[in-house]
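Trainee: Structure incoming, see below.
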2 protein chains.
Amino acid sequence: MPSFAVILVEPKYPGNVGAAARAMLNFGMRELIVVAPSFSLDNDACRTMAVHAQSVLDDARVVDTFAEAVEQVAYLAGTSAIETTSEKRHLRRALPLPFFADRVASLKGRVGIAFGREDYGLLNGEIRRCDALVHIPTADTYPSMNLSHAVAVTLYALTVDGDAALATRRADRKEKELLYEQFDRLLEVTDYPEHKREKTSVLFRRVIGRAMLSKWEYHTLMGVLKRARRR
Amino acid sequence: MPSFAVILVEPKYPGNVGAAARAMLNFGMRELIVVAPSFSLDNDACRTMAVHAQSVLDDARVVDTFAEAVEQVAYLAGTSAIETTSEKRHLRRALPLPFFADRVASLKGRVGIAFGREDYGLLNGEIRRCDALVHIPTADTYPSMNLSHAVAVTLYALTVDGDAALATRRADRKEKELLYEQFDRLLEVTDYPEHKREKTSVLFRRVIGRAMLSKWEYHTLMGVLKRARRR
């Protein structure tokens, strides 16, 4: 099993951060990263809602940018309330939570789970940085959950099934970045249409993110891409 | 599938009831029964936390006693934060939530899920009236969840269908075969070493198999491979 870090991006309501900290400790997690909160974590409402999870707030890492949070984890999953039905909008295509939870057990290292702002969620630029986008199956008529509820439900789903973890080592963030880079260069040298490049590049990230490559698979695919590019 | 009613027993904090109403609507449930609250459901904090679930509060049934709530349902499950290890204390022996969720689908009629007070939970006399006692698998070090979090997690578990999780259409076998073929041809035209070809080809299959490509992703990757091969 990997270890988990909860990343709250620009939360607006201190109570939600406190409640999220409590939910984390309820599910045995302690690593909280908060990106650019508009309040101090010592805020009263925040502390009150955390109840017996004060230490999670004490030890939380407050960072200025999403990029700084991303650097802390080996694998990053964003969460989204909205399930996009159009398959073409692959940037926002999300894995249902139970599906992701089933696969996450095979990851190693620190897995970051990012939760967006209470009103706007994660921005497209942030979603692009994610290896996977995860969606809690909610009712179509009212999909938007309270932030700390989304955290509680997600952490429940991630911890509830201790399925046997795969023994193979996974490709880490840096390796995946190199693979993506190689893919992008292949698009370049094959004169892949400019206006489609970014979309296709994001699509490749999604596919690789979901496949959860082992080191060995990574090295093999890198070899294939490099060779293809050189020709 | 049965229908569900959420029963909140003597809640103390109006915000929790509002947040629970929101969680209910998030998971497509509307039947709320509140036993002897110490405040009106028109309370500001209650209404604020409900956000777009005002109708759940409007239609909620407020009753004076636990017995009145029990009469409204065909099957009653109580929830408990504490998992009792002693088998002798069978009154409080609880089913793990995922286990209960798996079985609840076979029930008919209205199933009530009762959540106790924020501080004391359900009393022994109330637990005795339950057909089952359900326990959310939380960390031993801090099992006590926020009331509305317990509601959200429970309703998620009761409604999530792991099998139906993937709504998007998947690339079918034939499409995947075409993709594999294209990949093999790429290895060929780039003079990928003969003796490694089969292994790499199988590896590609594995990765694609795990990634569970959508139709759209399939077409995009096909485009990339074709183009690379042609160059």
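In the structure tokens, each chain is lettered A, B, ... as it comes, each chain's residues begin at 1, and ligands are numbered from 1 in order of appearance.
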Could the residues of chain B within 6 Å of chain A, counting only C-alpha atoms, be given as number ranges by chain, please?

Mentor: B: 26-28, 138-139, 142-143, 149, 153, 162, 165, 190, 207, 210-211, 228

Trainee: Taking the DSSP secondary structure from the backbone, can you list the residues of range 84-182 of chain B that are strand (DSSP E), as a list in words?

Mentor: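 Assigned to strand (DSSP E), within range 84-182 of chain B: Leu95, Pro96, Arg110, Val111, Gly112, Ile113, Ala114, Phe115, Ala132, Leu133, Val134 and His135 of chain B.
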
Trainee: Taking N, CA, C and O atoms for each residue, export the selection above as a compact mmCIF listing (two decimals), in the first residue's frame.

Mentor:
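Just written: selection13.txt:
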```
# COMPACT_ATOMS: atom_id res chain seq x y z
N LEU B 95 -21.48 -5.27 12.10
CA LEU B 95 -21.02 -5.68 10.78
C LEU B 95 -20.20 -4.55 10.17
O LEU B 95 -20.61 -3.39 10.22
N PRO B 96 -19.06 -4.86 9.57
CA PRO B 96 -18.32 -3.80 8.86
C PRO B 96 -19.20 -3.26 7.73
O PRO B 96 -19.91 -4.02 7.07
N ARG B 110 -38.42 -0.33 3.01
CA ARG B 110 -37.64 0.82 3.45
C ARG B 110 -36.66 0.43 4.54
O ARG B 110 -37.05 -0.11 5.58
N VAL B 111 -35.40 0.70 4.29
CA VAL B 111 -34.35 0.39 5.26
C VAL B 111 -33.95 1.68 5.96
O VAL B 111 -33.56 2.66 5.32
N GLY B 112 -34.07 1.69 7.27
CA GLY B 112 -33.66 2.85 8.06
C GLY B 112 -32.23 2.70 8.53
O GLY B 112 -31.82 1.63 8.97
N ILE B 113 -31.45 3.77 8.39
CA ILE B 113 -30.07 3.77 8.89
C ILE B 113 -30.01 4.80 10.00
O ILE B 113 -30.17 6.00 9.75
N ALA B 114 -29.83 4.34 11.23
CA ALA B 114 -29.87 5.24 12.38
C ALA B 114 -28.48 5.67 12.82
O ALA B 114 -27.57 4.85 12.96
N PHE B 115 -28.34 6.98 13.03
CA PHE B 115 -27.08 7.56 13.51
C PHE B 115 -27.35 8.20 14.87
O PHE B 115 -28.28 9.00 15.01
N ALA B 132 -29.69 -4.80 12.61
CA ALA B 132 -28.25 -4.97 12.43
C ALA B 132 -27.54 -3.75 12.97
O ALA B 132 -28.11 -2.66 13.01
N LEU B 133 -26.33 -3.96 13.42
CA LEU B 133 -25.50 -2.85 13.85
C LEU B 133 -24.33 -2.79 12.88
O LEU B 133 -23.70 -3.80 12.59
N VAL B 134 -24.08 -1.60 12.35
CA VAL B 134 -23.08 -1.44 11.29
C VAL B 134 -21.96 -0.52 11.79
O VAL B 134 -22.21 0.45 12.51
N HIS B 135 -20.78 -0.84 11.38
CA HIS B 135 -19.60 -0.14 11.88
C HIS B 135 -18.73 0.29 10.71
O HIS B 135 -18.42 -0.50 9.82
```

Trainee: Please compute the CA of Phe4 in chain A-CA of Val104 in chain A distance, one decimal, in Å.

Mentor: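 Here the two named atoms are 10.2 Å from each other.
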
Trainee: Which residues are near Pro2 in chain A? Cut-off 6 Å, only C-alpha atoms, ignore same chain within fewer than 5 positions. Put them as a list in words.

Mentor: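 So the residues in contact are Leu107, Lys108, Gly109 and Arg110 of chain A.
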
Trainee: Given the selection you just returned, output its residues as a file containing C-alpha atoms, formatted as a short mmCIF file (atom, residue, chain, number, x, y, z; two decimals), in the first residue's frame.

Mentor:
```cif
data_model
loop_
_atom_site.label_atom_id
_atom_site.label_comp_id
_atom_site.auth_asym_id
_atom_site.auth_seq_id
_atom_site.Cartn_x
_atom_site.Cartn_y
_atom_site.Cartn_z
CA LEU A 107 1.10 1.95 -6.01
CA LYS A 108 4.14 2.62 -3.87
CA GLY A 109 5.46 5.82 -2.41
CA ARG A 110 3.37 8.80 -1.51
#
```

Trainee: DSSP on the backbone: what in range 31-117 of chain A comes out helix (DSSP H, G or I), as a list in words?

Mentor: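 Those residues are Asp44, Ala45, Cys46, Arg47, Thr48, Met49, Ala50, Gln54, Ser55, Val56, Leu57, Asp58, Phe66, Ala67, Glu68, Ala69, Val70, His90, Leu91, Arg92, Leu97, Pro98, Phe99, Phe100, Ala101, Asp102, Arg103 and Val104 of chain A.
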
Trainee: Next, write the just-selected residues to a file, as a PDB file, in the first residue's frame, keeping N, CA and C atoms as the atom set.

Mentor:
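Saved to again39.pdb:
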```
ATOM      1  N   ASP A  44     -10.071  29.544  14.650  1.00  0.00           N
ATOM      2  CA  ASP A  44     -10.920  28.864  15.629  1.00  0.00           C
ATOM      3  C   ASP A  44     -11.809  27.787  15.024  1.00  0.00           C
ATOM      4  N   ALA A  45     -12.507  28.140  13.945  1.00  0.00           N
ATOM      5  CA  ALA A  45     -13.437  27.185  13.328  1.00  0.00           C
ATOM      6  C   ALA A  45     -12.687  25.953  12.840  1.00  0.00           C
ATOM      7  N   CYS A  46     -11.499  26.192  12.316  1.00  0.00           N
ATOM      8  CA  CYS A  46     -10.662  25.104  11.816  1.00  0.00           C
ATOM      9  C   CYS A  46     -10.285  24.161  12.961  1.00  0.00           C
ATOM     10  N   ARG A  47      -9.826  24.754  14.053  1.00  0.00           N
ATOM     11  CA  ARG A  47      -9.403  23.964  15.209  1.00  0.00           C
ATOM     12  C   ARG A  47     -10.573  23.231  15.862  1.00  0.00           C
ATOM     13  N   THR A  48     -11.724  23.917  15.926  1.00  0.00           N
ATOM     14  CA  THR A  48     -12.902  23.312  16.559  1.00  0.00           C
ATOM     15  C   THR A  48     -13.354  22.076  15.787  1.00  0.00           C
ATOM     16  N   MET A  49     -13.409  22.197  14.465  1.00  0.00           N
ATOM     17  CA  MET A  49     -13.898  21.078  13.658  1.00  0.00           C
ATOM     18  C   MET A  49     -12.929  19.901  13.642  1.00  0.00           C
ATOM     19  N   ALA A  50     -11.660  20.170  13.910  1.00  0.00           N
ATOM     20  CA  ALA A  50     -10.673  19.083  13.896  1.00  0.00           C
ATOM     21  C   ALA A  50     -10.813  18.182  15.125  1.00  0.00           C
ATOM     22  N   GLN A  54      -5.939  17.709  16.179  1.00  0.00           N
ATOM     23  CA  GLN A  54      -5.139  18.934  16.208  1.00  0.00           C
ATOM     24  C   GLN A  54      -3.740  18.698  15.638  1.00  0.00           C
ATOM     25  N   SER A  55      -3.186  17.525  15.906  1.00  0.00           N
ATOM     26  CA  SER A  55      -1.816  17.258  15.461  1.00  0.00           C
ATOM     27  C   SER A  55      -1.710  17.235  13.930  1.00  0.00           C
ATOM     28  N   VAL A  56      -2.802  16.848  13.266  1.00  0.00           N
ATOM     29  CA  VAL A  56      -2.782  16.856  11.799  1.00  0.00           C
ATOM     30  C   VAL A  56      -2.642  18.297  11.300  1.00  0.00           C
ATOM     31  N   LEU A  57      -3.346  19.211  11.957  1.00  0.00           N
ATOM     32  CA  LEU A  57      -3.225  20.626  11.597  1.00  0.00           C
ATOM     33  C   LEU A  57      -1.848  21.177  11.978  1.00  0.00           C
ATOM     34  N   ASP A  58      -1.368  20.798  13.166  1.00  0.00           N
ATOM     35  CA  ASP A  58      -0.045  21.267  13.616  1.00  0.00           C
ATOM     36  C   ASP A  58       1.041  20.883  12.605  1.00  0.00           C
ATOM     37  N   PHE A  66       0.222  25.236  -6.186  1.00  0.00           N
ATOM     38  CA  PHE A  66      -0.119  23.846  -6.483  1.00  0.00           C
ATOM     39  C   PHE A  66       1.138  23.058  -6.856  1.00  0.00           C
ATOM     40  N   ALA A  67       2.024  23.710  -7.624  1.00  0.00           N
ATOM     41  CA  ALA A  67       3.257  23.049  -8.067  1.00  0.00           C
ATOM     42  C   ALA A  67       4.082  22.552  -6.880  1.00  0.00           C
ATOM     43  N   GLU A  68       4.134  23.346  -5.819  1.00  0.00           N
ATOM     44  CA  GLU A  68       4.893  22.936  -4.637  1.00  0.00           C
ATOM     45  C   GLU A  68       4.291  21.686  -4.001  1.00  0.00           C
ATOM     46  N   ALA A  69       2.972  21.594  -4.038  1.00  0.00           N
ATOM     47  CA  ALA A  69       2.306  20.411  -3.483  1.00  0.00           C
ATOM     48  C   ALA A  69       2.614  19.186  -4.328  1.00  0.00           C
ATOM     49  N   VAL A  70       2.586  19.368  -5.651  1.00  0.00           N
ATOM     50  CA  VAL A  70       2.825  18.253  -6.579  1.00  0.00           C
ATOM     51  C   VAL A  70       4.197  17.630  -6.334  1.00  0.00           C
ATOM     52  N   HIS A  90     -11.195  14.419 -22.730  1.00  0.00           N
ATOM     53  CA  HIS A  90     -10.460  13.460 -21.899  1.00  0.00           C
ATOM     54  C   HIS A  90      -9.720  14.103 -20.756  1.00  0.00           C
ATOM     55  N   LEU A  91      -9.456  15.399 -20.889  1.00  0.00           N
ATOM     56  CA  LEU A  91      -8.783  16.083 -19.792  1.00  0.00           C
ATOM     57  C   LEU A  91      -9.562  15.878 -18.498  1.00  0.00           C
ATOM     58  N   ARG A  92     -10.877  15.921 -18.609  1.00  0.00           N
ATOM     59  CA  ARG A  92     -11.700  15.814 -17.415  1.00  0.00           C
ATOM     60  C   ARG A  92     -12.346  14.444 -17.251  1.00  0.00           C
ATOM     61  N   LEU A  97     -14.405   6.502  -8.216  1.00  0.00           N
ATOM     62  CA  LEU A  97     -13.623   6.275  -6.992  1.00  0.00           C
ATOM     63  C   LEU A  97     -13.385   4.796  -6.671  1.00  0.00           C
ATOM     64  N   PRO A  98     -14.405   3.934  -6.709  1.00  0.00           N
ATOM     65  CA  PRO A  98     -14.149   2.537  -6.341  1.00  0.00           C
ATOM     66  C   PRO A  98     -13.160   1.860  -7.281  1.00  0.00           C
ATOM     67  N   PHE A  99     -13.177   2.293  -8.526  1.00  0.00           N
ATOM     68  CA  PHE A  99     -12.280   1.767  -9.546  1.00  0.00           C
ATOM     69  C   PHE A  99     -10.844   2.198  -9.228  1.00  0.00           C
ATOM     70  N   PHE A 100     -10.685   3.488  -8.928  1.00  0.00           N
ATOM     71  CA  PHE A 100      -9.364   4.007  -8.569  1.00  0.00           C
ATOM     72  C   PHE A 100      -8.860   3.358  -7.276  1.00  0.00           C
ATOM     73  N   ALA A 101      -9.755   3.230  -6.307  1.00  0.00           N
ATOM     74  CA  ALA A 101      -9.376   2.659  -5.010  1.00  0.00           C
ATOM     75  C   ALA A 101      -8.850   1.241  -5.192  1.00  0.00           C
ATOM     76  N   ASP A 102      -9.443   0.539  -6.124  1.00  0.00           N
ATOM     77  CA  ASP A 102      -9.054  -0.829  -6.390  1.00  0.00           C
ATOM     78  C   ASP A 102      -7.617  -0.897  -6.926  1.00  0.00           C
ATOM     79  N   ARG A 103      -7.240   0.137  -7.675  1.00  0.00           N
ATOM     80  CA  ARG A 103      -5.912   0.125  -8.293  1.00  0.00           C
ATOM     81  C   ARG A 103      -4.842   0.756  -7.439  1.00  0.00           C
ATOM     82  N   VAL A 104      -5.251   1.641  -6.566  1.00  0.00           N
ATOM     83  CA  VAL A 104      -4.268   2.447  -5.857  1.00  0.00           C
ATOM     84  C   VAL A 104      -3.426   1.590  -4.919  1.00  0.00           C
TER      85      VAL A 104
END
```

Trainee: If we count only C-alpha atoms, what is near Ala36 in chain B at a cut-off of 12 Å, once residues fewer than 3 positions away on the same chain are taken out, given as an mmCIF file with N, CA, C and O atoms, in the first residue's frame?

Mentor:
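This is the output file result-v7.cif:
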```
data_model
loop_
_atom_site.group_PDB
_atom_site.id
_atom_site.type_symbol
_atom_site.label_atom_id
_atom_site.label_comp_id
_atom_site.auth_asym_id
_atom_site.auth_seq_id
_atom_site.Cartn_x
_atom_site.Cartn_y
_atom_site.Cartn_z
ATOM 1 N N ILE B 7 -32.040 8.176 9.751
ATOM 2 C CA ILE B 7 -32.621 8.533 11.050
ATOM 3 C C ILE B 7 -31.525 9.149 11.915
ATOM 4 O O ILE B 7 -30.532 8.474 12.234
ATOM 5 N N LEU B 8 -31.671 10.415 12.252
ATOM 6 C CA LEU B 8 -30.702 11.070 13.132
ATOM 7 C C LEU B 8 -31.326 11.166 14.522
ATOM 8 O O LEU B 8 -32.390 11.749 14.693
ATOM 9 N N VAL B 9 -30.652 10.558 15.498
ATOM 10 C CA VAL B 9 -31.217 10.467 16.841
ATOM 11 C C VAL B 9 -30.643 11.554 17.756
ATOM 12 O O VAL B 9 -29.437 11.576 18.033
ATOM 13 N N GLU B 10 -31.505 12.462 18.193
ATOM 14 C CA GLU B 10 -31.127 13.553 19.107
ATOM 15 C C GLU B 10 -29.827 14.254 18.733
ATOM 16 O O GLU B 10 -28.896 14.347 19.548
ATOM 17 N N PRO B 11 -29.759 14.736 17.502
ATOM 18 C CA PRO B 11 -28.544 15.474 17.118
ATOM 19 C C PRO B 11 -28.443 16.773 17.919
ATOM 20 O O PRO B 11 -29.452 17.370 18.272
ATOM 21 N N LYS B 12 -27.218 17.172 18.195
ATOM 22 C CA LYS B 12 -26.989 18.373 19.007
ATOM 23 C C LYS B 12 -26.670 19.597 18.168
ATOM 24 O O LYS B 12 -26.952 20.718 18.569
ATOM 25 N N ILE B 33 -35.478 11.352 8.834
ATOM 26 C CA ILE B 33 -36.266 11.338 10.076
ATOM 27 C C ILE B 33 -35.345 11.834 11.186
ATOM 28 O O ILE B 33 -34.224 11.339 11.332
ATOM 29 N N PHE B 39 -33.380 21.656 18.384
ATOM 30 C CA PHE B 39 -33.494 22.907 17.619
ATOM 31 C C PHE B 39 -34.474 22.682 16.478
ATOM 32 O O PHE B 39 -34.802 21.523 16.144
ATOM 33 N N SER B 40 -34.918 23.762 15.867
ATOM 34 C CA SER B 40 -35.791 23.646 14.701
ATOM 35 C C SER B 40 -34.943 23.385 13.468
ATOM 36 O O SER B 40 -33.812 23.870 13.376
ATOM 37 N N LEU B 41 -35.495 22.636 12.513
ATOM 38 C CA LEU B 41 -34.743 22.389 11.279
ATOM 39 C C LEU B 41 -34.665 23.663 10.419
ATOM 40 O O LEU B 41 -34.018 23.662 9.374
ATOM 41 N N ARG B 61 -39.155 14.338 8.574
ATOM 42 C CA ARG B 61 -40.141 14.019 9.594
ATOM 43 C C ARG B 61 -39.471 14.178 10.958
ATOM 44 O O ARG B 61 -38.461 13.521 11.223
ATOM 45 N N VAL B 62 -40.002 15.045 11.783
ATOM 46 C CA VAL B 62 -39.450 15.193 13.129
ATOM 47 C C VAL B 62 -40.349 14.420 14.091
ATOM 48 O O VAL B 62 -41.557 14.635 14.123
ATOM 49 N N VAL B 63 -39.767 13.462 14.819
ATOM 50 C CA VAL B 63 -40.550 12.659 15.765
ATOM 51 C C VAL B 63 -39.975 12.804 17.173
ATOM 52 O O VAL B 63 -38.829 13.229 17.335
ATOM 53 N N ASP B 64 -40.798 12.444 18.164
ATOM 54 C CA ASP B 64 -40.379 12.646 19.557
ATOM 55 C C ASP B 64 -39.539 11.505 20.119
ATOM 56 O O ASP B 64 -38.707 11.712 20.996
ATOM 57 N N THR B 65 -39.813 10.302 19.627
ATOM 58 C CA THR B 65 -39.115 9.151 20.214
ATOM 59 C C THR B 65 -38.500 8.244 19.147
ATOM 60 O O THR B 65 -38.944 8.218 17.993
ATOM 61 N N PHE B 66 -37.509 7.486 19.568
ATOM 62 C CA PHE B 66 -36.851 6.516 18.697
ATOM 63 C C PHE B 66 -37.872 5.502 18.191
ATOM 64 O O PHE B 66 -37.839 5.112 17.011
ATOM 65 N N ALA B 67 -38.793 5.096 19.078
ATOM 66 C CA ALA B 67 -39.811 4.096 18.710
ATOM 67 C C ALA B 67 -40.639 4.563 17.513
ATOM 68 O O ALA B 67 -40.956 3.777 16.616
ATOM 69 N N GLU B 68 -40.968 5.839 17.476
ATOM 70 C CA GLU B 68 -41.742 6.373 16.347
ATOM 71 C C GLU B 68 -40.965 6.271 15.034
ATOM 72 O O GLU B 68 -41.546 6.043 13.969
ATOM 73 N N ALA B 69 -39.672 6.473 15.118
ATOM 74 C CA ALA B 69 -38.837 6.365 13.912
ATOM 75 C C ALA B 69 -38.791 4.918 13.441
ATOM 76 O O ALA B 69 -38.905 4.636 12.246
ATOM 77 N N GLY B 116 -26.520 7.863 15.865
ATOM 78 C CA GLY B 116 -26.750 8.342 17.234
ATOM 79 C C GLY B 116 -26.250 9.751 17.482
ATOM 80 O O GLY B 116 -25.804 10.448 16.568
ATOM 81 N N ARG B 117 -26.340 10.134 18.737
ATOM 82 C CA ARG B 117 -25.898 11.460 19.177
ATOM 83 C C ARG B 117 -24.410 11.660 18.892
ATOM 84 O O ARG B 117 -23.641 10.688 18.938
#
```

Trainee: Using Å and a single decimal, report how far CA of Ala81 in chain A sits from CA of Arg128 in chain A.

Mentor: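 Going from CA of Arg128 in chain A over to CA of Ala81 in chain A, I get 16.2 Å.
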
Trainee: Pick out the residues sitting within 8 Å of Asp184 in chain A, and hand them over as an MDAnalysis selection string; count only C-alpha atoms, and ignore anything fewer than 4 positions along from it in its own chain.

Mentor: chainID A and resid 180 188 197 201

Trainee: So how many Å separate CA of Val17 in chain A and CA of Asp119 in chain B, to one decimal?

Mentor: 21.3 Å

Trainee: Counting only C-alpha atoms, which residue out of B:Met222, B:Leu147, B:Leu179, B:Val35 sits closest to Arg205 in chain B?

Mentor: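 Nearest candidate to Arg205 in chain B out of B:Met222, B:Leu147, B:Leu179, B:Val35: B:Leu179.
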